[in-house]
>>> print(open('run-v3.pdb').read())   # PDB, C-alpha atoms
ATOM      1  CA  MET A   1     -25.389   3.009  -8.135  1.00  0.00           C
ATOM      2  CA  THR A   2     -21.925   3.017  -9.670  1.00  0.00           C
ATOM      3  CA  LYS A   3     -19.086   3.266  -7.157  1.00  0.00           C
ATOM      4  CA  TYR A   4     -15.797   3.830  -8.961  1.00  0.00           C
ATOM      5  CA  ALA A   5     -12.664   3.062  -6.969  1.00  0.00           C
ATOM      6  CA  ILE A   6      -9.079   1.822  -7.181  1.00  0.00           C
ATOM      7  CA  VAL A   7      -7.566  -1.248  -5.561  1.00  0.00           C
ATOM      8  CA  THR A   8      -3.799  -1.388  -5.032  1.00  0.00           C
ATOM      9  CA  ASP A   9      -1.906  -4.635  -4.490  1.00  0.00           C
ATOM     10  CA  LEU A  10       0.669  -3.589  -1.896  1.00  0.00           C
ATOM     11  CA  ASN A  11       2.613  -6.802  -2.441  1.00  0.00           C
ATOM     12  CA  ARG A  12       3.319  -5.551  -5.981  1.00  0.00           C
ATOM     13  CA  CYS A  13       3.794  -1.821  -5.310  1.00  0.00           C
ATOM     14  CA  THR A  14       7.496  -0.882  -5.448  1.00  0.00           C
ATOM     15  CA  GLY A  15       7.121   2.714  -4.295  1.00  0.00           C
ATOM     16  CA  CYS A  16       8.392   3.988  -7.672  1.00  0.00           C
ATOM     17  CA  LEU A  17       6.147   7.095  -7.490  1.00  0.00           C
ATOM     18  CA  ALA A  18       4.941   6.620 -11.084  1.00  0.00           C
ATOM     19  CA  CYS A  19       1.331   7.044  -9.916  1.00  0.00           C
ATOM     20  CA  SER A  20       2.130  10.301  -8.121  1.00  0.00           C
ATOM     21  CA  THR A  21       4.132  11.662 -11.065  1.00  0.00           C
ATOM     22  CA  ALA A  22       1.594  10.629 -13.715  1.00  0.00           C
ATOM     23  CA  CYS A  23      -1.190  12.199 -11.662  1.00  0.00           C
ATOM     24  CA  LYS A  24       0.637  15.507 -11.322  1.00  0.00           C
ATOM     25  CA  THR A  25       1.419  15.611 -15.039  1.00  0.00           C
ATOM     26  CA  ILE A  26      -2.034  14.895 -16.462  1.00  0.00           C
ATOM     27  CA  ASN A  27      -3.899  17.020 -13.906  1.00  0.00           C
ATOM     28  CA  GLY A  28      -1.511  19.981 -13.822  1.00  0.00           C
ATOM     29  CA  VAL A  29      -0.860  19.672 -10.094  1.00  0.00           C
ATOM     30  CA  GLN A  30       1.482  22.437  -8.951  1.00  0.00           C
ATOM     31  CA  PRO A  31       4.978  21.756  -7.532  1.00  0.00           C
ATOM     32  CA  GLY A  32       4.775  20.992  -3.821  1.00  0.00           C
ATOM     33  CA  ASP A  33       1.187  19.734  -4.087  1.00  0.00           C
ATOM     34  CA  PHE A  34       0.087  16.122  -4.513  1.00  0.00           C
ATOM     35  CA  TRP A  35      -3.124  14.280  -5.309  1.00  0.00           C
ATOM     36  CA  ILE A  36      -1.389  10.979  -4.498  1.00  0.00           C
ATOM     37  CA  LYS A  37       1.251  10.590  -1.792  1.00  0.00           C
ATOM     38  CA  THR A  38       3.172   7.304  -1.638  1.00  0.00           C
ATOM     39  CA  LEU A  39       4.178   6.396   1.907  1.00  0.00           C
ATOM     40  CA  ARG A  40       6.771   3.848   3.020  1.00  0.00           C
ATOM     41  CA  ILE A  41       5.621   1.600   5.881  1.00  0.00           C
ATOM     42  CA  GLY A  42       8.482  -0.045   7.718  1.00  0.00           C
ATOM     43  CA  PRO A  43      11.022  -1.520   7.644  1.00  0.00           C
ATOM     44  CA  PHE A  44       9.979  -4.162  10.175  1.00  0.00           C
ATOM     45  CA  PRO A  45      12.168  -6.996  11.485  1.00  0.00           C
ATOM     46  CA  ILE A  46      11.341 -10.420  10.051  1.00  0.00           C
ATOM     47  CA  THR A  47      10.353 -12.968  12.671  1.00  0.00           C
ATOM     48  CA  GLY A  48      13.342 -15.132  13.500  1.00  0.00           C
ATOM     49  CA  GLY A  49      15.732 -12.763  11.750  1.00  0.00           C
ATOM     50  CA  SER A  50      18.561 -10.614  13.081  1.00  0.00           C
ATOM     51  CA  GLY A  51      16.377  -7.519  13.276  1.00  0.00           C
ATOM     52  CA  GLU A  52      18.688  -5.717  10.861  1.00  0.00           C
ATOM     53  CA  TRP A  53      18.898  -5.492   7.058  1.00  0.00           C
ATOM     54  CA  PRO A  54      18.399  -7.698   5.087  1.00  0.00           C
ATOM     55  CA  ASP A  55      16.179  -9.442   7.663  1.00  0.00           C
ATOM     56  CA  VAL A  56      13.542  -6.741   7.388  1.00  0.00           C
ATOM     57  CA  THR A  57      10.444  -6.130   5.311  1.00  0.00           C
ATOM     58  CA  MET A  58       8.404  -3.093   4.330  1.00  0.00           C
ATOM     59  CA  TYR A  59       5.747  -1.976   1.887  1.00  0.00           C
ATOM     60  CA  PHE A  60       4.502   1.181   0.181  1.00  0.00           C
ATOM     61  CA  ILE A  61       0.970   2.567   0.217  1.00  0.00           C
ATOM     62  CA  PRO A  62      -0.419   5.287  -2.089  1.00  0.00           C
ATOM     63  CA  ILE A  63      -2.698   7.682  -0.194  1.00  0.00           C
ATOM     64  CA  GLN A  64      -5.243   9.857  -1.997  1.00  0.00           C
ATOM     65  CA  CYS A  65      -8.906  10.850  -1.807  1.00  0.00           C
ATOM     66  CA  GLN A  66     -10.804   7.705  -0.820  1.00  0.00           C
ATOM     67  CA  HIS A  67     -14.051   8.754  -2.558  1.00  0.00           C
ATOM     68  CA  CYS A  68     -16.013   7.773   0.523  1.00  0.00           C
ATOM     69  CA  GLU A  69     -19.520   6.405   0.862  1.00  0.00           C
ATOM     70  CA  HIS A  70     -20.416   9.102   3.413  1.00  0.00           C
ATOM     71  CA  PRO A  71     -17.795  11.809   2.789  1.00  0.00           C
ATOM     72  CA  LYS A  72     -17.280  14.203   5.692  1.00  0.00           C
ATOM     73  CA  CYS A  73     -16.001  16.813   3.243  1.00  0.00           C
ATOM     74  CA  VAL A  74     -19.386  16.919   1.530  1.00  0.00           C
ATOM     75  CA  GLU A  75     -21.231  17.212   4.850  1.00  0.00           C
ATOM     76  CA  VAL A  76     -19.363  20.370   5.897  1.00  0.00           C
ATOM     77  CA  CYS A  77     -19.169  22.157   2.522  1.00  0.00           C
ATOM     78  CA  PRO A  78     -21.268  25.356   2.842  1.00  0.00           C
ATOM     79  CA  THR A  79     -21.712  25.852  -0.909  1.00  0.00           C
ATOM     80  CA  GLN A  80     -22.165  22.233  -2.080  1.00  0.00           C
ATOM     81  CA  ALA A  81     -18.996  22.568  -4.131  1.00  0.00           C
ATOM     82  CA  SER A  82     -17.928  19.196  -2.741  1.00  0.00           C
ATOM     83  CA  HIS A  83     -20.442  16.601  -3.847  1.00  0.00           C
ATOM     84  CA  VAL A  84     -20.903  12.935  -4.723  1.00  0.00           C
ATOM     85  CA  ALA A  85     -21.137  12.475  -8.487  1.00  0.00           C
ATOM     86  CA  ALA A  86     -23.296   9.946 -10.325  1.00  0.00           C
ATOM     87  CA  ASP A  87     -20.322   7.573 -10.631  1.00  0.00           C
ATOM     88  CA  GLY A  88     -19.919   7.457  -6.837  1.00  0.00           C
ATOM     89  CA  THR A  89     -16.784   9.607  -6.763  1.00  0.00           C
ATOM     90  CA  VAL A  90     -16.369  12.737  -4.678  1.00  0.00           C
ATOM     91  CA  GLN A  91     -15.810  15.814  -6.834  1.00  0.00           C
ATOM     92  CA  ILE A  92     -15.317  19.563  -6.359  1.00  0.00           C
ATOM     93  CA  ASP A  93     -17.187  22.146  -8.417  1.00  0.00           C
ATOM     94  CA  LYS A  94     -14.572  24.891  -8.549  1.00  0.00           C
ATOM     95  CA  SER A  95     -17.162  27.460  -9.627  1.00  0.00           C
ATOM     96  CA  LYS A  96     -18.843  27.020  -6.230  1.00  0.00           C
ATOM     97  CA  CYS A  97     -15.740  26.611  -4.051  1.00  0.00           C
ATOM     98  CA  ILE A  98     -14.977  29.656  -1.889  1.00  0.00           C
ATOM     99  CA  GLY A  99     -11.707  28.287  -0.504  1.00  0.00           C
ATOM    100  CA  CYS A 100     -12.930  28.096   3.088  1.00  0.00           C
ATOM    101  CA  GLN A 101     -11.111  24.756   3.538  1.00  0.00           C
ATOM    102  CA  PHE A 102     -13.764  23.292   5.844  1.00  0.00           C
ATOM    103  CA  CYS A 103     -13.597  20.172   3.691  1.00  0.00           C
ATOM    104  CA  ALA A 104      -9.817  19.901   4.093  1.00  0.00           C
ATOM    105  CA  MET A 105     -10.203  20.096   7.856  1.00  0.00           C
ATOM    106  CA  ALA A 106     -12.981  17.477   7.838  1.00  0.00           C
ATOM    107  CA  CYS A 107     -11.098  14.958   5.683  1.00  0.00           C
ATOM    108  CA  PRO A 108      -9.699  12.213   7.960  1.00  0.00           C
ATOM    109  CA  TYR A 109      -6.895  11.428   5.488  1.00  0.00           C
ATOM    110  CA  GLY A 110      -5.415  14.892   4.885  1.00  0.00           C
ATOM    111  CA  VAL A 111      -5.641  14.595   1.105  1.00  0.00           C
ATOM    112  CA  ARG A 112      -7.185  17.990   0.285  1.00  0.00           C
ATOM    113  CA  TYR A 113      -5.330  21.273  -0.006  1.00  0.00           C
ATOM    114  CA  LEU A 114      -5.904  24.859  -1.099  1.00  0.00           C
ATOM    115  CA  ASN A 115      -4.622  25.800  -4.548  1.00  0.00           C
ATOM    116  CA  GLU A 116      -3.061  29.131  -3.627  1.00  0.00           C
ATOM    117  CA  GLU A 117      -3.250  30.493  -7.160  1.00  0.00           C
ATOM    118  CA  GLU A 118      -6.887  29.665  -7.868  1.00  0.00           C
ATOM    119  CA  ARG A 119      -8.004  29.900  -4.193  1.00  0.00           C
ATOM    120  CA  VAL A 120      -9.992  26.681  -4.506  1.00  0.00           C
ATOM    121  CA  VAL A 121      -9.552  23.286  -2.882  1.00  0.00           C
ATOM    122  CA  GLU A 122      -8.157  20.429  -4.974  1.00  0.00           C
ATOM    123  CA  LYS A 123      -7.688  16.665  -4.617  1.00  0.00           C
ATOM    124  CA  CYS A 124      -7.768  13.415  -6.591  1.00  0.00           C
ATOM    125  CA  THR A 125     -10.715  13.223  -8.993  1.00  0.00           C
ATOM    126  CA  LEU A 126     -10.013   9.629 -10.094  1.00  0.00           C
ATOM    127  CA  CYS A 127      -9.349  11.246 -13.479  1.00  0.00           C
ATOM    128  CA  GLU A 128     -13.070  11.720 -14.104  1.00  0.00           C
ATOM    129  CA  GLN A 129     -12.218  13.444 -17.388  1.00  0.00           C
ATOM    130  CA  ARG A 130     -10.813  10.073 -18.551  1.00  0.00           C
ATOM    131  CA  THR A 131     -13.156   7.590 -16.862  1.00  0.00           C
ATOM    132  CA  ALA A 132     -16.182   9.429 -18.282  1.00  0.00           C
ATOM    133  CA  GLN A 133     -14.877   8.373 -21.703  1.00  0.00           C
ATOM    134  CA  GLY A 134     -14.311   4.767 -20.697  1.00  0.00           C
ATOM    135  CA  GLU A 135     -10.589   5.218 -20.050  1.00  0.00           C
ATOM    136  CA  LEU A 136      -8.591   4.325 -16.935  1.00  0.00           C
ATOM    137  CA  PRO A 137      -7.205   6.803 -14.396  1.00  0.00           C
ATOM    138  CA  GLN A 138      -3.694   7.852 -15.378  1.00  0.00           C
ATOM    139  CA  CYS A 139      -2.190   6.430 -12.172  1.00  0.00           C
ATOM    140  CA  VAL A 140      -3.556   2.999 -13.122  1.00  0.00           C
ATOM    141  CA  THR A 141      -2.346   3.252 -16.719  1.00  0.00           C
ATOM    142  CA  GLN A 142       1.186   4.279 -15.704  1.00  0.00           C
ATOM    143  CA  CYS A 143       1.703   1.823 -12.830  1.00  0.00           C
ATOM    144  CA  GLY A 144       4.881  -0.001 -13.895  1.00  0.00           C
ATOM    145  CA  SER A 145       4.421  -2.923 -11.504  1.00  0.00           C
ATOM    146  CA  ARG A 146       0.741  -3.295 -12.471  1.00  0.00           C
ATOM    147  CA  ALA A 147      -0.315  -2.986  -8.839  1.00  0.00           C
ATOM    148  CA  ARG A 148      -3.264  -0.645  -9.405  1.00  0.00           C
ATOM    149  CA  PHE A 149      -6.655  -1.593 -10.859  1.00  0.00           C
ATOM    150  CA  PHE A 150      -9.769   0.519 -11.469  1.00  0.00           C
ATOM    151  CA  GLY A 151     -13.411  -0.483 -11.476  1.00  0.00           C
ATOM    152  CA  ASP A 152     -16.881  -0.416  -9.976  1.00  0.00           C
ATOM    153  CA  LEU A 153     -17.204  -1.713  -6.415  1.00  0.00           C
ATOM    154  CA  GLU A 154     -20.738  -2.793  -7.212  1.00  0.00           C
ATOM    155  CA  LYS A 155     -19.275  -5.367  -9.628  1.00  0.00           C
ATOM    156  CA  GLY A 156     -16.577  -6.573  -7.233  1.00  0.00           C
ATOM    157  CA  ILE A 157     -12.813  -6.073  -7.028  1.00  0.00           C
ATOM    158  CA  ASP A 158     -12.205  -9.163  -9.187  1.00  0.00           C
ATOM    159  CA  THR A 159     -13.530  -7.167 -12.172  1.00  0.00           C
ATOM    160  CA  PHE A 160     -11.266  -4.135 -11.681  1.00  0.00           C
ATOM    161  CA  GLU A 161      -9.104  -3.441 -14.728  1.00  0.00           C
ATOM    162  CA  ALA A 162      -5.582  -2.375 -15.683  1.00  0.00           C
ATOM    163  CA  PRO A 163      -3.708  -2.334 -19.013  1.00  0.00           C
ATOM    164  CA  ALA A 164      -2.828  -5.870 -20.110  1.00  0.00           C
ATOM    165  CA  PRO A 165       0.901  -6.632 -20.329  1.00  0.00           C
ATOM    166  CA  THR A 166       2.454  -6.746 -23.763  1.00  0.00           C
ATOM    167  CA  HIS A 167       5.937  -7.473 -25.087  1.00  0.00           C
ATOM    168  CA  ASP A 168       5.073  -6.448 -28.633  1.00  0.00           C
ATOM    169  CA  LYS A 169       7.015  -3.271 -29.421  1.00  0.00           C
ATOM    170  CA  ALA A 170       4.656  -2.615 -32.329  1.00  0.00           C
ATOM    171  CA  THR A 171       1.669  -2.255 -30.001  1.00  0.00           C
ATOM    172  CA  SER A 172       0.460   1.338 -30.010  1.00  0.00           C
ATOM    173  CA  TYR A 173      -0.241   3.305 -26.865  1.00  0.00           C
ATOM    174  CA  GLU A 174      -3.935   3.462 -27.771  1.00  0.00           C
ATOM    175  CA  ASP A 175      -4.080  -0.321 -28.242  1.00  0.00           C
ATOM    176  CA  MET A 176      -2.420  -0.780 -24.870  1.00  0.00           C
ATOM    177  CA  LEU A 177      -5.031   1.402 -23.186  1.00  0.00           C
ATOM    178  CA  HIS A 178      -7.908  -0.653 -24.558  1.00  0.00           C
ATOM    179  CA  ASN A 179      -6.311  -4.089 -24.108  1.00  0.00           C
ATOM    180  CA  ARG A 180      -6.990  -4.793 -20.449  1.00  0.00           C
ATOM    181  CA  THR A 181      -6.656  -7.453 -17.797  1.00  0.00           C
ATOM    182  CA  THR A 182      -8.574  -7.831 -14.541  1.00  0.00           C
ATOM    183  CA  ALA A 183      -7.439  -8.104 -10.939  1.00  0.00           C
ATOM    184  CA  LYS A 184      -8.635 -11.705 -10.840  1.00  0.00           C
ATOM    185  CA  GLU A 185      -6.731 -12.630 -14.003  1.00  0.00           C
ATOM    186  CA  TRP A 186      -3.462 -10.844 -13.253  1.00  0.00           C
ATOM    187  CA  LEU A 187      -2.896 -10.713  -9.490  1.00  0.00           C
ATOM    188  CA  GLU A 188      -1.746 -13.540  -7.267  1.00  0.00           C
ATOM    189  CA  PRO A 189      -4.710 -15.128  -5.436  1.00  0.00           C
ATOM    190  CA  TYR A 190      -6.224 -13.046  -2.644  1.00  0.00           C
ATOM    191  CA  THR A 191      -9.146 -13.473  -0.267  1.00  0.00           C
ATOM    192  CA  ASP A 192     -11.528 -11.068   1.437  1.00  0.00           C
ATOM    193  CA  ASN A 193      -9.227 -11.241   4.479  1.00  0.00           C
ATOM    194  CA  ASP A 194      -6.421  -9.753   2.371  1.00  0.00           C
ATOM    195  CA  ILE A 195      -8.438  -6.643   1.428  1.00  0.00           C
ATOM    196  CA  TYR A 196      -8.054  -3.552   3.603  1.00  0.00           C
ATOM    197  CA  HIS A 197      -9.300   0.031   3.697  1.00  0.00           C
ATOM    198  CA  LEU A 198      -7.938   3.092   5.459  1.00  0.00           C
ATOM    199  CA  THR A 199      -9.354   3.698   8.923  1.00  0.00           C
ATOM    200  CA  ASP A 200     -13.122   4.130   8.717  1.00  0.00           C
ATOM    201  CA  VAL A 201     -14.467   6.888  10.990  1.00  0.00           C
ATOM    202  CA  GLY A 202     -17.993   6.568   9.666  1.00  0.00           C
ATOM    203  CA  ASN A 203     -17.151   7.853   6.202  1.00  0.00           C
ATOM    204  CA  GLY A 204     -16.804   4.464   4.443  1.00  0.00           C
ATOM    205  CA  PRO A 205     -13.650   4.799   2.298  1.00  0.00           C
ATOM    206  CA  HIS A 206     -14.087   3.154  -1.118  1.00  0.00           C
ATOM    207  CA  LEU A 207     -10.472   2.686  -2.198  1.00  0.00           C
ATOM    208  CA  ALA A 208      -9.058  -0.708  -1.249  1.00  0.00           C
ATOM    209  CA  TYR A 209      -5.644  -2.262  -0.648  1.00  0.00           C
ATOM    210  CA  ILE A 210      -4.573  -5.892  -0.964  1.00  0.00           C
ATOM    211  CA  LEU A 211      -1.933  -7.089   1.503  1.00  0.00           C
ATOM    212  CA  ARG A 212      -1.297 -10.806   1.957  1.00  0.00           C
ATOM    213  CA  ASP A 213       1.675 -11.097   4.337  1.00  0.00           C
ATOM    214  CA  ARG A 214       0.339 -11.858   7.818  1.00  0.00           C
ATOM    215  CA  GLU A 215       3.538 -10.540   9.472  1.00  0.00           C
ATOM    216  CA  TRP A 216       2.450  -7.061   8.434  1.00  0.00           C
ATOM    217  CA  GLN A 217      -1.013  -7.199   9.998  1.00  0.00           C
ATOM    218  CA  GLY A 218      -1.589  -4.415  12.482  1.00  0.00           C
ATOM    219  CA  LYS A 219       1.331  -2.392  11.097  1.00  0.00           C
ATOM    220  CA  GLU A 220      -0.456  -0.534   8.289  1.00  0.00           C
TER     221      GLU A 220
END
>>> encode(input="run-v3.pdb", output="structure tokens")
Amino acid sequence: MTKYAIVTDLNRCTGCLACSTACKTINGVQPGDFWIKTLRIGPFPITGGSGEWPDVTMYFIPIQCQHCEHPKCVEVCPTQASHVAADGTVQIDKSKCIGCQFCAMACPYGVRYLNEEERVVEKCTLCEQRTAQGELPQCVTQCGSRARFFGDLEKGIDTFEAPAPTHDKATSYEDMLHNRTTAKEWLEPYTDNDIYHLTDVGNGPHLAYILRDREWQGKE
């Protein structure tokens, strides 16, 4: 079974908020609401340093729907509006949603909210309207530091894709979207020990994060 997900290299993420902004724009997310929230973790003192800037380090982590293996939101939905799609993502059928918000309360990551105008729950869809056509999620396409990659967990994180870098000003936007690189080709080397997930409470979050610096372990 396909299991679409995103992996984010936290050593490359600059906290620029391009993913959050691009997501809001393409999905029409209302002001004050977010499908992706970018959190700053730290700063932490560097071992052997003064404990003050610049002897500190920190990183940023984008938080969104984790499109879980066993989503708690789906378990508690009384109308089956929340469901696991064929591509392994968790989606919401707005025609069935009654706005009860049981799913929002069940989500361990706090990434669902009630759209007050439509009275339905919303969250990240992994841009299923784009991925269904073979495109990349907008947050992956617009990541300026090329920290985010999209793919199928069944094929391994090494195969996840992002737009390939280009310095040719004549390259069209459409060409850029279809000229891709993989996590294995583009990112600095990483091991299984460098791959993390948000806290698993039995739901099995699919989205992954790469973090290599051992000084940061235990501080996510």
>>> resolve_selection(input="run-v3.pdb", expression="the PyMOL selection byres ((chain A and resi 194) around 12)", output="list in words")
Val7, Thr8, Asp9, Leu10, Asn11, Ile157, Glu188, Pro189, Tyr190, Thr191, Asp192, Asn193, Ile195, Tyr196, His197, Ala208, Tyr209, Ile210, Leu211, Arg212, Asp213, Arg214, Trp216 and Gln217 of chain A
>>> closest_residue(input="run-v3.pdb", among="A:Val121, A:Ile6, A:Gln129, A:Gln30", to="Gln66 of chain A", atoms="all atoms listed in the file")
A:Ile6
>>> atom_distance(input="run-v3.pdb", atom1="atom CA of Arg119 of chain A", atom2="atom CA of Cys97 of chain A")
8.4 Å
>>> closest_residue(input="run-v3.pdb", among="A:Lys123, A:Lys72, A:Lys3, A:Lys184", to="Ala85 of chain A", atoms="all atoms listed in the file")
A:Lys3
>>> residues_around(input="run-v3.pdb", residues="Cys100 of chain A", least_positions_apart="6", cutoff="10 Å", atoms="only C-alpha atoms", output="PDB file with C-alpha atoms, keeping the file's coordinate frame")
ATOM      1  CA  CYS A  77     -19.169  22.157   2.522  1.00  0.00           C
ATOM      2  CA  PRO A  78     -21.268  25.356   2.842  1.00  0.00           C
ATOM      3  CA  THR A  79     -21.712  25.852  -0.909  1.00  0.00           C
ATOM      4  CA  LEU A 114      -5.904  24.859  -1.099  1.00  0.00           C
ATOM      5  CA  ARG A 119      -8.004  29.900  -4.193  1.00  0.00           C
ATOM      6  CA  VAL A 120      -9.992  26.681  -4.506  1.00  0.00           C
ATOM      7  CA  VAL A 121      -9.552  23.286  -2.882  1.00  0.00           C
TER       8      VAL A 121
END
>>> resolve_selection(input="run-v3.pdb", expression="the PyMOL selection byres ((chain A and resi 63) around 9)", output="PyMOL selection string")
chain A and resi 35-39+61-62+64-66+109+111+198
>>> atom_distance(input="run-v3.pdb", atom1="atom CA of Leu187 of chain A", atom2="atom CA of Cys16 of chain A")
18.6 Å
>>> closest_residue(input="run-v3.pdb", among="A:Cys19, A:Val90, A:Ala81, A:Cys143", to="His206 of chain A", atoms="all atoms listed in the file")
A:Val90
>>> atom_distance(input="run-v3.pdb", atom1="atom CA of Glu69 of chain A", atom2="atom CA of Gly202 of chain A")
8.9 Å
>>> residues_around(input="run-v3.pdb", residues="Arg146 of chain A", least_positions_apart="2", cutoff="9 Å", atoms="all atoms listed in the file", output="number ranges by chain")
A: 8-9, 12-13, 140-144, 148-149, 162-165, 186-187
>>> resolve_selection(input="run-v3.pdb", expression="the PyMOL selection byres ((chain A and resi 59) around 7)", output="PyMOL selection string")
chain A and resi 10+40-42+58+60-61
>>> closest_residue(input="run-v3.pdb", among="A:Val74, A:Ala183, A:Gly49, A:Ala18", to="Asp158 of chain A", atoms="all atoms listed in the file")
A:Ala183
>>> closest_residue(input="run-v3.pdb", among="A:Thr131, A:Gln101, A:Thr182, A:Val56", to="Gly156 of chain A", atoms="all atoms listed in the file")
A:Thr182
>>> closest_residue(input="run-v3.pdb", among="A:Pro54, A:Ala106, A:Glu122, A:Asp87", to="Glu154 of chain A", atoms="only C-alpha atoms")
A:Asp87
>>> residues_near_point(input="run-v3.pdb", point="(11.7, -2.4, 13.4)", cutoff="10 Å", atoms="all atoms listed in the file", output="ChimeraX atom specification")
/A:42-46,51-52,56-58
